[in-house]
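Contents: one structure, followed by commentary.
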Protein chains: 2
Amino acid sequence: MTRILGIDPGSQRTGVGIIDVDAGGRTTHVHHQPLVLLDAEDFPQRLKLLLQGLGGLIEQYRPDEVAIEKVFVGKSADSALKLGQARGTAISAVVLRDLPVHEYAAKEIKLALVGKGSAEKTQVQHMVGLMLNLKGKLQADAADALAVAITHAHVRATANRIGIDARAAWSRK
Amino acid sequence: MTRILGIDPGSQRTGVGIIDVDAGGRTTHVHHQPLVLLDAEDFPQRLKLLLQGLGGLIEQYRPDEVAIEKVFVGKSADSALKLGQARGTAISAVVLRDLPVHEYAAKEIKLALVGKGSAEKTQVQHMVGLMLNLKGKLQADAADALAVAITHAHVRATANRIGIDARAAWSRK
């Protein structure tokens, strides 16, 4: 069993989603929540809340691997800077604990969950609930964090399968 | 004596400058260097180099306060995102150690060092060398880091002076 932490970084709210995946690629929900950063008095303090909040969840749930969304940046350089700061801080919390970080583009996440790179964000969130058997509406950032964790679970299950097949093919020689 | 760490964040190179300032606002050079982040295999590893490099310098030089440039973002949202990630990571290294962070805009730095908010960057770097009595050409990122540290030294010296005057005025009542 491998535990995966998914992160959807944001400067106001960072989504956190944790799942377990077994050798067959089956996923189980463990935890999800948004880390709300708006209460901090200034921006460095907001990053500190993120660093400590995410660090605390890593200590508590002890994930083996981490997946983070490759953020899409729109037209505004200013919002890209803010988002970048949150993303850099989230990655800091992870690399501080020597965990491997895998990055997935929004398109890859949509492809993995809905089978279509151009799927709507709401479709992705719907599939997260379905796949993890969660009732009720998920908070959007936490759902996105679970989505990137599921994407990584699928990618690593495929890699494992290829690895096993390769070894099986080799042993038949 | 107060030790100030100045940081000029960048995703390829982050400048670090450390100075001491006495009660009268006189500054002395302690250390400066660029942290070169290009050797890392991927972006999270690059941020890890920054987090550990800056963390190591904080442990070694034990600054009391930290000053960081409020970065200017140009037209490109993509470069703003990269810069933001470096800045978020640099602030993470600082807040992890519970040090206060002060932010200064480029204009404030130019005003403090050259007396003119529209001064050229090369003028600022020249003034850094002059004020700290450093021989030879300074590496640009390290010079910018020393510049933000000097700016904070001046601002806090002024604040101290006003504080002392205010107390003196109060005691005369």
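So you can find residues: chains in the structure tokens are A, B, ... in the order shown, residues in each start at 1, and ligands are numbered from 1 in order.
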
Mind listing the strand (DSSP E) residues of region 20-149 of chain A, per DSSP on the backbone, as a list in words?
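Those residues are Asp20, Val21, Thr27, Thr28, His29, Val30, His31, His32, Gln33, Pro34, Leu35, Val36, Glu65, Val66, Ala67, Ile68, Glu69, Lys70, Val101, His102, Glu103, Tyr104 and Ala105 of chain A.
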
Could you list, as an mmCIF file with all heavy atoms, in the first residue's frame, every residue of chain A that has an atom within 12 Å of an atom of chain B, counting only C-alpha atoms?
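Output file result.cif follows:
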data_model
loop_
_atom_site.group_PDB
_atom_site.id
_atom_site.type_symbol
_atom_site.label_atom_id
_atom_site.label_comp_id
_atom_site.auth_asym_id
_atom_site.auth_seq_id
_atom_site.Cartn_x
_atom_site.Cartn_y
_atom_site.Cartn_z
ATOM 1 N N PRO A 9 -2.059 23.895 -5.042
ATOM 2 C CA PRO A 9 -1.588 25.113 -4.386
ATOM 3 C C PRO A 9 -2.404 26.349 -4.756
ATOM 4 O O PRO A 9 -2.860 26.495 -5.890
ATOM 5 C CB PRO A 9 -0.146 25.257 -4.880
ATOM 6 C CG PRO A 9 -0.093 24.516 -6.169
ATOM 7 C CD PRO A 9 -1.161 23.457 -6.122
ATOM 8 N N GLY A 10 -2.585 27.234 -3.786
ATOM 9 C CA GLY A 10 -3.244 28.522 -4.006
ATOM 10 C C GLY A 10 -2.823 29.469 -2.895
ATOM 11 O O GLY A 10 -2.502 29.006 -1.797
ATOM 12 N N SER A 11 -2.790 30.760 -3.190
ATOM 13 C CA SER A 11 -2.281 31.712 -2.195
ATOM 14 C C SER A 11 -3.337 32.071 -1.148
ATOM 15 O O SER A 11 -3.014 32.592 -0.094
ATOM 16 C CB SER A 11 -1.755 32.967 -2.883
ATOM 17 O OG SER A 11 -2.801 33.615 -3.563
ATOM 18 N N ASP A 42 0.081 39.062 7.323
ATOM 19 C CA ASP A 42 0.756 39.533 6.110
ATOM 20 C C ASP A 42 1.150 38.333 5.244
ATOM 21 O O ASP A 42 0.930 37.189 5.630
ATOM 22 C CB ASP A 42 1.966 40.427 6.427
ATOM 23 C CG ASP A 42 3.022 39.700 7.246
ATOM 24 O OD1 ASP A 42 3.011 38.458 7.286
ATOM 25 O OD2 ASP A 42 3.855 40.376 7.858
ATOM 26 N N PHE A 43 1.734 38.596 4.088
ATOM 27 C CA PHE A 43 1.997 37.502 3.154
ATOM 28 C C PHE A 43 3.015 36.488 3.660
ATOM 29 O O PHE A 43 2.759 35.280 3.581
ATOM 30 C CB PHE A 43 2.369 38.050 1.766
ATOM 31 C CG PHE A 43 2.106 37.060 0.677
ATOM 32 C CD1 PHE A 43 0.833 36.909 0.147
ATOM 33 C CD2 PHE A 43 3.110 36.225 0.230
ATOM 34 C CE1 PHE A 43 0.572 35.956 -0.824
ATOM 35 C CE2 PHE A 43 2.867 35.268 -0.750
ATOM 36 C CZ PHE A 43 1.593 35.144 -1.282
ATOM 37 N N PRO A 44 4.148 36.936 4.236
ATOM 38 C CA PRO A 44 5.077 35.937 4.800
ATOM 39 C C PRO A 44 4.404 35.058 5.862
ATOM 40 O O PRO A 44 4.637 33.853 5.916
ATOM 41 C CB PRO A 44 6.198 36.794 5.406
ATOM 42 C CG PRO A 44 6.207 38.028 4.568
ATOM 43 C CD PRO A 44 4.759 38.292 4.252
ATOM 44 N N GLN A 45 3.531 35.641 6.686
ATOM 45 C CA GLN A 45 2.828 34.858 7.707
ATOM 46 C C GLN A 45 1.849 33.868 7.068
ATOM 47 O O GLN A 45 1.617 32.789 7.598
ATOM 48 C CB GLN A 45 2.083 35.779 8.678
ATOM 49 C CG GLN A 45 3.006 36.537 9.621
ATOM 50 C CD GLN A 45 3.941 35.631 10.402
ATOM 51 O OE1 GLN A 45 3.522 34.655 11.009
ATOM 52 N NE2 GLN A 45 5.241 35.922 10.358
ATOM 53 N N ARG A 46 1.293 34.275 5.935
ATOM 54 C CA ARG A 46 0.378 33.391 5.219
ATOM 55 C C ARG A 46 1.157 32.169 4.711
ATOM 56 O O ARG A 46 0.697 31.028 4.816
ATOM 57 C CB ARG A 46 -0.234 34.142 4.032
ATOM 58 C CG ARG A 46 -1.543 33.552 3.593
ATOM 59 C CD ARG A 46 -2.010 34.156 2.299
ATOM 60 N NE ARG A 46 -2.733 35.411 2.495
ATOM 61 C CZ ARG A 46 -3.363 36.043 1.510
ATOM 62 N NH1 ARG A 46 -3.332 35.568 0.270
ATOM 63 N NH2 ARG A 46 -3.993 37.157 1.747
ATOM 64 N N LEU A 47 2.357 32.417 4.200
ATOM 65 C CA LEU A 47 3.200 31.312 3.730
ATOM 66 C C LEU A 47 3.617 30.428 4.906
ATOM 67 O O LEU A 47 3.732 29.215 4.773
ATOM 68 C CB LEU A 47 4.435 31.852 2.998
ATOM 69 C CG LEU A 47 4.156 32.629 1.704
ATOM 70 C CD1 LEU A 47 5.465 33.029 1.024
ATOM 71 C CD2 LEU A 47 3.283 31.851 0.732
ATOM 72 N N LYS A 48 3.804 31.049 6.074
ATOM 73 C CA LYS A 48 4.160 30.269 7.265
ATOM 74 C C LYS A 48 3.011 29.339 7.666
ATOM 75 O O LYS A 48 3.233 28.175 8.005
ATOM 76 C CB LYS A 48 4.512 31.219 8.420
ATOM 77 C CG LYS A 48 5.054 30.502 9.638
ATOM 78 C CD LYS A 48 5.485 31.485 10.713
ATOM 79 C CE LYS A 48 6.064 30.763 11.908
ATOM 80 N NZ LYS A 48 6.584 31.721 12.906
ATOM 81 N N LEU A 49 1.780 29.859 7.605
ATOM 82 C CA LEU A 49 0.591 29.024 7.883
ATOM 83 C C LEU A 49 0.559 27.823 6.943
ATOM 84 O O LEU A 49 0.270 26.695 7.370
ATOM 85 C CB LEU A 49 -0.699 29.829 7.657
ATOM 86 C CG LEU A 49 -1.218 30.748 8.737
ATOM 87 C CD1 LEU A 49 -2.590 31.292 8.338
ATOM 88 C CD2 LEU A 49 -1.324 30.011 10.070
ATOM 89 N N LEU A 50 0.872 28.069 5.671
ATOM 90 C CA LEU A 50 0.868 26.996 4.673
ATOM 91 C C LEU A 50 1.963 25.979 4.980
ATOM 92 O O LEU A 50 1.734 24.763 4.977
ATOM 93 C CB LEU A 50 1.046 27.597 3.282
ATOM 94 C CG LEU A 50 1.236 26.623 2.106
ATOM 95 C CD1 LEU A 50 0.134 25.591 2.053
ATOM 96 C CD2 LEU A 50 1.306 27.385 0.785
ATOM 97 N N LEU A 51 3.167 26.483 5.267
ATOM 98 C CA LEU A 51 4.321 25.620 5.544
ATOM 99 C C LEU A 51 4.050 24.751 6.766
ATOM 100 O O LEU A 51 4.336 23.546 6.778
ATOM 101 C CB LEU A 51 5.537 26.521 5.785
ATOM 102 C CG LEU A 51 6.918 25.878 5.794
ATOM 103 C CD1 LEU A 51 7.280 25.384 4.410
ATOM 104 C CD2 LEU A 51 7.967 26.895 6.254
ATOM 105 N N GLN A 52 3.476 25.359 7.797
ATOM 106 C CA GLN A 52 3.208 24.616 9.034
ATOM 107 C C GLN A 52 1.996 23.713 8.900
ATOM 108 O O GLN A 52 2.002 22.579 9.391
ATOM 109 C CB GLN A 52 3.002 25.602 10.192
ATOM 110 C CG GLN A 52 4.292 26.313 10.567
ATOM 111 C CD GLN A 52 4.117 27.272 11.724
ATOM 112 O OE1 GLN A 52 3.029 27.811 11.938
ATOM 113 N NE2 GLN A 52 5.187 27.529 12.461
ATOM 114 N N GLY A 55 2.998 20.895 6.593
ATOM 115 C CA GLY A 55 3.997 20.102 7.332
ATOM 116 C C GLY A 55 3.330 19.238 8.390
ATOM 117 O O GLY A 55 3.645 18.053 8.539
ATOM 118 N N VAL A 66 4.309 12.372 -3.211
ATOM 119 C CA VAL A 66 3.514 13.588 -3.306
ATOM 120 C C VAL A 66 3.275 13.954 -4.764
ATOM 121 O O VAL A 66 4.170 13.817 -5.602
ATOM 122 C CB VAL A 66 4.227 14.759 -2.574
ATOM 123 C CG1 VAL A 66 3.422 16.041 -2.680
ATOM 124 C CG2 VAL A 66 4.479 14.398 -1.113
ATOM 125 N N ALA A 67 2.049 14.395 -5.063
ATOM 126 C CA ALA A 67 1.709 14.856 -6.412
ATOM 127 C C ALA A 67 1.153 16.272 -6.314
ATOM 128 O O ALA A 67 0.369 16.581 -5.417
ATOM 129 C CB ALA A 67 0.677 13.923 -7.037
ATOM 130 N N ILE A 68 1.601 17.128 -7.211
ATOM 131 C CA ILE A 68 1.171 18.523 -7.168
ATOM 132 C C ILE A 68 0.803 18.973 -8.570
ATOM 133 O O ILE A 68 1.408 18.528 -9.556
ATOM 134 C CB ILE A 68 2.277 19.404 -6.527
ATOM 135 C CG1 ILE A 68 1.819 20.844 -6.293
ATOM 136 C CG2 ILE A 68 3.563 19.389 -7.346
ATOM 137 C CD1 ILE A 68 2.717 21.634 -5.355
ATOM 138 N N LYS A 70 0.715 21.095 -11.781
ATOM 139 C CA LYS A 70 1.494 22.101 -12.508
ATOM 140 C C LYS A 70 0.525 23.221 -12.777
ATOM 141 O O LYS A 70 -0.396 23.049 -13.581
ATOM 142 C CB LYS A 70 1.953 21.547 -13.862
ATOM 143 C CG LYS A 70 3.357 21.012 -13.903
ATOM 144 C CD LYS A 70 3.704 20.623 -15.336
ATOM 145 C CE LYS A 70 4.755 19.535 -15.317
ATOM 146 N NZ LYS A 70 4.849 18.850 -16.609
ATOM 147 N N VAL A 71 0.655 24.339 -12.132
ATOM 148 C CA VAL A 71 -0.386 25.351 -12.229
ATOM 149 C C VAL A 71 -0.427 26.023 -13.585
ATOM 150 O O VAL A 71 0.583 26.235 -14.239
ATOM 151 C CB VAL A 71 -0.259 26.422 -11.121
ATOM 152 C CG1 VAL A 71 -0.700 25.838 -9.803
ATOM 153 C CG2 VAL A 71 1.151 26.955 -11.036
ATOM 154 N N PHE A 72 -1.629 26.343 -13.961
ATOM 155 C CA PHE A 72 -1.856 27.106 -15.179
ATOM 156 C C PHE A 72 -1.835 28.577 -14.805
ATOM 157 O O PHE A 72 -2.465 28.983 -13.838
ATOM 158 C CB PHE A 72 -3.217 26.744 -15.767
ATOM 159 C CG PHE A 72 -3.660 27.682 -16.846
ATOM 160 C CD1 PHE A 72 -3.121 27.589 -18.121
ATOM 161 C CD2 PHE A 72 -4.587 28.671 -16.576
ATOM 162 C CE1 PHE A 72 -3.516 28.463 -19.119
ATOM 163 C CE2 PHE A 72 -4.987 29.549 -17.575
ATOM 164 C CZ PHE A 72 -4.453 29.444 -18.846
ATOM 165 N N VAL A 73 -1.077 29.377 -15.530
ATOM 166 C CA VAL A 73 -1.091 30.805 -15.232
ATOM 167 C C VAL A 73 -1.783 31.569 -16.339
ATOM 168 O O VAL A 73 -1.541 31.369 -17.512
ATOM 169 C CB VAL A 73 0.326 31.374 -14.978
ATOM 170 C CG1 VAL A 73 0.860 30.864 -13.655
ATOM 171 C CG2 VAL A 73 1.282 31.037 -16.098
ATOM 172 N N GLY A 74 -2.690 32.426 -15.914
ATOM 173 C CA GLY A 74 -3.473 33.218 -16.863
ATOM 174 C C GLY A 74 -2.696 34.439 -17.322
ATOM 175 O O GLY A 74 -1.469 34.384 -17.465
ATOM 176 N N LYS A 75 -3.404 35.523 -17.498
ATOM 177 C CA LYS A 75 -2.779 36.710 -18.076
ATOM 178 C C LYS A 75 -2.036 37.541 -17.034
ATOM 179 O O LYS A 75 -1.094 38.242 -17.352
ATOM 180 C CB LYS A 75 -3.857 37.587 -18.739
ATOM 181 C CG LYS A 75 -4.203 37.085 -20.136
ATOM 182 C CD LYS A 75 -5.275 37.962 -20.762
ATOM 183 C CE LYS A 75 -5.882 37.281 -21.971
ATOM 184 N NZ LYS A 75 -7.222 37.783 -22.280
ATOM 185 N N SER A 76 -2.460 37.475 -15.774
ATOM 186 C CA SER A 76 -1.916 38.406 -14.795
ATOM 187 C C SER A 76 -0.614 37.904 -14.174
ATOM 188 O O SER A 76 -0.573 36.868 -13.518
ATOM 189 C CB SER A 76 -2.952 38.644 -13.704
ATOM 190 O OG SER A 76 -2.334 39.077 -12.527
ATOM 191 N N ALA A 77 0.453 38.666 -14.383
ATOM 192 C CA ALA A 77 1.762 38.331 -13.813
ATOM 193 C C ALA A 77 1.704 38.433 -12.287
ATOM 194 O O ALA A 77 2.361 37.677 -11.577
ATOM 195 C CB ALA A 77 2.831 39.256 -14.368
ATOM 196 N N ASP A 78 0.881 39.347 -11.794
ATOM 197 C CA ASP A 78 0.777 39.556 -10.353
ATOM 198 C C ASP A 78 0.167 38.342 -9.651
ATOM 199 O O ASP A 78 0.663 37.892 -8.620
ATOM 200 C CB ASP A 78 -0.076 40.805 -10.081
ATOM 201 C CG ASP A 78 -0.025 41.180 -8.619
ATOM 202 O OD1 ASP A 78 1.089 41.386 -8.118
ATOM 203 O OD2 ASP A 78 -1.095 41.236 -7.992
ATOM 204 N N SER A 79 -0.921 37.789 -10.222
ATOM 205 C CA SER A 79 -1.515 36.607 -9.593
ATOM 206 C C SER A 79 -0.628 35.381 -9.774
ATOM 207 O O SER A 79 -0.590 34.502 -8.913
ATOM 208 C CB SER A 79 -2.936 36.364 -10.103
ATOM 209 O OG SER A 79 -2.935 36.216 -11.494
ATOM 210 N N ALA A 80 0.136 35.337 -10.882
ATOM 211 C CA ALA A 80 1.087 34.234 -11.101
ATOM 212 C C ALA A 80 2.171 34.262 -10.024
ATOM 213 O O ALA A 80 2.590 33.222 -9.520
ATOM 214 C CB ALA A 80 1.708 34.341 -12.485
ATOM 215 N N LEU A 81 2.605 35.459 -9.663
ATOM 216 C CA LEU A 81 3.627 35.613 -8.623
ATOM 217 C C LEU A 81 3.107 35.092 -7.284
ATOM 218 O O LEU A 81 3.780 34.322 -6.592
ATOM 219 C CB LEU A 81 4.022 37.086 -8.492
ATOM 220 C CG LEU A 81 5.059 37.385 -7.418
ATOM 221 C CD1 LEU A 81 6.436 36.934 -7.868
ATOM 222 C CD2 LEU A 81 5.089 38.870 -7.074
ATOM 223 N N LYS A 82 1.872 35.492 -6.936
ATOM 224 C CA LYS A 82 1.258 35.057 -5.662
ATOM 225 C C LYS A 82 1.102 33.537 -5.634
ATOM 226 O O LYS A 82 1.405 32.879 -4.644
ATOM 227 C CB LYS A 82 -0.105 35.718 -5.475
ATOM 228 C CG LYS A 82 0.013 37.167 -5.074
ATOM 229 C CD LYS A 82 -1.295 37.676 -4.492
ATOM 230 C CE LYS A 82 -1.221 39.168 -4.235
ATOM 231 N NZ LYS A 82 -2.171 39.924 -5.061
ATOM 232 N N LEU A 83 0.600 33.003 -6.730
ATOM 233 C CA LEU A 83 0.412 31.561 -6.833
ATOM 234 C C LEU A 83 1.754 30.842 -6.746
ATOM 235 O O LEU A 83 1.892 29.817 -6.056
ATOM 236 C CB LEU A 83 -0.283 31.243 -8.164
ATOM 237 C CG LEU A 83 -0.600 29.785 -8.443
ATOM 238 C CD1 LEU A 83 -1.416 29.174 -7.314
ATOM 239 C CD2 LEU A 83 -1.362 29.662 -9.763
ATOM 240 N N GLY A 84 2.758 31.409 -7.430
ATOM 241 C CA GLY A 84 4.097 30.830 -7.407
ATOM 242 C C GLY A 84 4.646 30.766 -5.994
ATOM 243 O O GLY A 84 5.253 29.767 -5.590
ATOM 244 N N GLN A 85 4.410 31.805 -5.216
ATOM 245 C CA GLN A 85 4.913 31.838 -3.838
ATOM 246 C C GLN A 85 4.277 30.728 -2.999
ATOM 247 O O GLN A 85 4.940 30.066 -2.215
ATOM 248 C CB GLN A 85 4.678 33.217 -3.229
ATOM 249 C CG GLN A 85 5.562 34.239 -3.879
ATOM 250 C CD GLN A 85 5.373 35.646 -3.349
ATOM 251 O OE1 GLN A 85 6.244 36.214 -2.733
ATOM 252 N NE2 GLN A 85 4.231 36.226 -3.600
ATOM 253 N N ALA A 86 2.970 30.526 -3.188
ATOM 254 C CA ALA A 86 2.275 29.453 -2.462
ATOM 255 C C ALA A 86 2.798 28.089 -2.917
ATOM 256 O O ALA A 86 3.046 27.199 -2.095
ATOM 257 C CB ALA A 86 0.770 29.542 -2.719
ATOM 258 N N ARG A 87 3.013 27.944 -4.220
ATOM 259 C CA ARG A 87 3.491 26.672 -4.756
ATOM 260 C C ARG A 87 4.906 26.379 -4.257
ATOM 261 O O ARG A 87 5.226 25.249 -3.878
ATOM 262 C CB ARG A 87 3.452 26.733 -6.284
ATOM 263 C CG ARG A 87 3.517 25.373 -6.927
ATOM 264 C CD ARG A 87 3.213 25.452 -8.412
ATOM 265 N NE ARG A 87 3.075 24.119 -8.949
ATOM 266 C CZ ARG A 87 4.090 23.391 -9.395
ATOM 267 N NH1 ARG A 87 5.303 23.877 -9.377
ATOM 268 N NH2 ARG A 87 3.875 22.168 -9.842
ATOM 269 N N GLY A 88 5.763 27.403 -4.252
ATOM 270 C CA GLY A 88 7.135 27.232 -3.767
ATOM 271 C C GLY A 88 7.141 26.829 -2.303
ATOM 272 O O GLY A 88 7.925 25.976 -1.876
ATOM 273 N N THR A 89 6.247 27.417 -1.529
ATOM 274 C CA THR A 89 6.156 27.108 -0.100
ATOM 275 C C THR A 89 5.632 25.689 0.123
ATOM 276 O O THR A 89 6.134 24.959 0.971
ATOM 277 C CB THR A 89 5.247 28.141 0.593
ATOM 278 O OG1 THR A 89 5.842 29.427 0.403
ATOM 279 C CG2 THR A 89 5.102 27.864 2.076
ATOM 280 N N ALA A 90 4.625 25.301 -0.663
ATOM 281 C CA ALA A 90 4.076 23.938 -0.543
ATOM 282 C C ALA A 90 5.158 22.908 -0.878
ATOM 283 O O ALA A 90 5.332 21.920 -0.153
ATOM 284 C CB ALA A 90 2.874 23.774 -1.481
ATOM 285 N N ILE A 91 5.907 23.158 -1.945
ATOM 286 C CA ILE A 91 6.989 22.238 -2.326
ATOM 287 C C ILE A 91 8.067 22.228 -1.237
ATOM 288 O O ILE A 91 8.640 21.183 -0.928
ATOM 289 C CB ILE A 91 7.557 22.596 -3.722
ATOM 290 C CG1 ILE A 91 6.491 22.330 -4.797
ATOM 291 C CG2 ILE A 91 8.822 21.796 -4.031
ATOM 292 C CD1 ILE A 91 6.878 22.734 -6.204
ATOM 293 N N SER A 92 8.298 23.375 -0.622
ATOM 294 C CA SER A 92 9.277 23.447 0.482
ATOM 295 C C SER A 92 8.889 22.506 1.621
ATOM 296 O O SER A 92 9.734 21.789 2.160
ATOM 297 C CB SER A 92 9.369 24.872 1.029
ATOM 298 O OG SER A 92 9.898 25.739 0.057
ATOM 299 N N ALA A 93 7.602 22.537 1.985
ATOM 300 C CA ALA A 93 7.118 21.671 3.073
ATOM 301 C C ALA A 93 7.364 20.199 2.742
ATOM 302 O O ALA A 93 7.642 19.391 3.627
ATOM 303 C CB ALA A 93 5.629 21.916 3.326
ATOM 304 N N VAL A 94 7.304 19.864 1.463
ATOM 305 C CA VAL A 94 7.473 18.476 1.017
ATOM 306 C C VAL A 94 8.957 18.086 0.952
ATOM 307 O O VAL A 94 9.367 17.069 1.512
ATOM 308 C CB VAL A 94 6.810 18.267 -0.363
ATOM 309 C CG1 VAL A 94 7.129 16.893 -0.921
ATOM 310 C CG2 VAL A 94 5.301 18.465 -0.257
ATOM 311 N N VAL A 95 9.770 18.903 0.273
ATOM 312 C CA VAL A 95 11.189 18.536 0.089
ATOM 313 C C VAL A 95 11.962 18.602 1.409
ATOM 314 O O VAL A 95 12.964 17.913 1.567
ATOM 315 C CB VAL A 95 11.896 19.383 -1.016
ATOM 316 C CG1 VAL A 95 11.293 19.102 -2.377
ATOM 317 C CG2 VAL A 95 11.892 20.866 -0.703
ATOM 318 N N LEU A 96 11.471 19.417 2.349
ATOM 319 C CA LEU A 96 12.045 19.461 3.699
ATOM 320 C C LEU A 96 12.038 18.071 4.325
ATOM 321 O O LEU A 96 12.870 17.739 5.163
ATOM 322 C CB LEU A 96 11.166 20.340 4.601
ATOM 323 C CG LEU A 96 11.610 21.747 4.900
ATOM 324 C CD1 LEU A 96 10.549 22.434 5.723
ATOM 325 C CD2 LEU A 96 12.954 21.780 5.590
ATOM 326 N N ARG A 97 11.036 17.267 3.955
ATOM 327 C CA ARG A 97 10.860 15.923 4.528
ATOM 328 C C ARG A 97 11.331 14.840 3.559
ATOM 329 O O ARG A 97 10.989 13.675 3.718
ATOM 330 C CB ARG A 97 9.399 15.740 4.944
ATOM 331 C CG ARG A 97 9.074 16.608 6.157
ATOM 332 C CD ARG A 97 7.616 16.858 6.374
ATOM 333 N NE ARG A 97 7.417 17.693 7.550
ATOM 334 C CZ ARG A 97 7.368 19.023 7.520
ATOM 335 N NH1 ARG A 97 7.498 19.670 6.376
ATOM 336 N NH2 ARG A 97 7.205 19.700 8.644
ATOM 337 N N ASP A 98 12.105 15.274 2.541
ATOM 338 C CA ASP A 98 12.720 14.345 1.578
ATOM 339 C C ASP A 98 11.742 13.433 0.859
ATOM 340 O O ASP A 98 12.065 12.285 0.549
ATOM 341 C CB ASP A 98 13.799 13.497 2.272
ATOM 342 C CG ASP A 98 15.060 14.311 2.500
ATOM 343 O OD1 ASP A 98 15.418 15.078 1.578
ATOM 344 O OD2 ASP A 98 15.657 14.197 3.576
ATOM 345 N N LEU A 99 10.528 13.932 0.603
ATOM 346 C CA LEU A 99 9.551 13.134 -0.143
ATOM 347 C C LEU A 99 9.668 13.447 -1.631
ATOM 348 O O LEU A 99 9.907 14.589 -2.009
ATOM 349 C CB LEU A 99 8.133 13.439 0.349
ATOM 350 C CG LEU A 99 7.824 12.982 1.773
ATOM 351 C CD1 LEU A 99 6.472 13.537 2.217
ATOM 352 C CD2 LEU A 99 7.827 11.465 1.864
ATOM 353 N N PRO A 100 9.483 12.434 -2.499
ATOM 354 C CA PRO A 100 9.516 12.697 -3.931
ATOM 355 C C PRO A 100 8.263 13.456 -4.377
ATOM 356 O O PRO A 100 7.159 13.166 -3.920
ATOM 357 C CB PRO A 100 9.555 11.296 -4.549
ATOM 358 C CG PRO A 100 9.004 10.385 -3.515
ATOM 359 C CD PRO A 100 9.286 11.012 -2.178
ATOM 360 N N VAL A 101 8.458 14.448 -5.258
ATOM 361 C CA VAL A 101 7.346 15.264 -5.762
ATOM 362 C C VAL A 101 7.148 14.999 -7.254
ATOM 363 O O VAL A 101 8.100 15.049 -8.027
ATOM 364 C CB VAL A 101 7.648 16.773 -5.598
ATOM 365 C CG1 VAL A 101 6.424 17.599 -5.966
ATOM 366 C CG2 VAL A 101 8.106 17.097 -4.197
ATOM 367 N N HIS A 102 5.926 14.705 -7.636
ATOM 368 C CA HIS A 102 5.590 14.495 -9.043
ATOM 369 C C HIS A 102 4.629 15.588 -9.483
ATOM 370 O O HIS A 102 3.680 15.899 -8.768
ATOM 371 C CB HIS A 102 4.952 13.117 -9.226
ATOM 372 C CG HIS A 102 5.830 12.014 -8.719
ATOM 373 N ND1 HIS A 102 6.709 11.333 -9.522
ATOM 374 C CD2 HIS A 102 6.003 11.515 -7.461
ATOM 375 C CE1 HIS A 102 7.373 10.449 -8.797
ATOM 376 N NE2 HIS A 102 6.956 10.528 -7.542
ATOM 377 N N GLU A 103 4.882 16.155 -10.659
ATOM 378 C CA GLU A 103 4.056 17.257 -11.140
ATOM 379 C C GLU A 103 3.174 16.803 -12.303
ATOM 380 O O GLU A 103 3.645 16.125 -13.213
ATOM 381 C CB GLU A 103 4.968 18.400 -11.592
ATOM 382 C CG GLU A 103 5.896 18.914 -10.492
ATOM 383 C CD GLU A 103 6.755 20.072 -10.962
ATOM 384 O OE1 GLU A 103 7.765 19.816 -11.632
ATOM 385 O OE2 GLU A 103 6.401 21.227 -10.661
#

Residues at most 7 Å from region 18-32 of chain A, counting only C-alpha atoms, excluding those fewer than 3 positions away in the same chain, as a list of chain:residue names?
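The neighbour list is A:Met1, A:Thr2, A:Arg3, A:Ile4, A:Leu5, A:Gly6, A:Leu132, A:Ala142, A:Leu146, A:Ala149, A:Ala153, A:His154, A:Ala157.
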
Could you tell me how far CA of Asn133 (chain B) lies from CA of Ala145 (chain B), in Å and to one decimal?
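Between CA of Asn133 (chain B) and CA of Ala145 (chain B) the gap is 15.8 Å.
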
Quick one: pick out all helix (DSSP H, G or I) residues within chain A from a backbone DSSP run and write them as a PyMOL selection string.
chain A and resi 43-61+77-95+106-114+121-131+140-172

At a cut-off of 8 Å, using only C-alpha atoms, what residues contact region 124-126 of chain B? Leave out same-chain residues fewer than 6 positions from it and give the result as a list in words.
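Near region 124-126 of chain B, the qualifying residues are Lys110, Leu113, Val114, Leu138, Ala140, Ala143, Asp144 and Ala147 of chain B.
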
Interatomic distance between CA of Leu37 (chain B) and CA of Asp8 (chain B)?
13.3 Å

Non-local contacts of Ser118 (chain A) (10 Å; only C-alpha atoms; under 5 positions in same chain excluded) as a VMD selection string
chain A and resid 106 to 108 110 to 111

Which residue is closest to Gly56 (chain B)? Choose from B:Leu38, B:Ala119, B:Ala105, B:Val16 and count only C-alpha atoms.
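Distance minimum relative to Gly56 (chain B) lands on B:Val16.
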
What gap, in Å, lies between CA of Tyr61 (chain B) and CA of Asp141 (chain B)?
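Between CA of Tyr61 (chain B) and CA of Asp141 (chain B) the gap is 18.7 Å.
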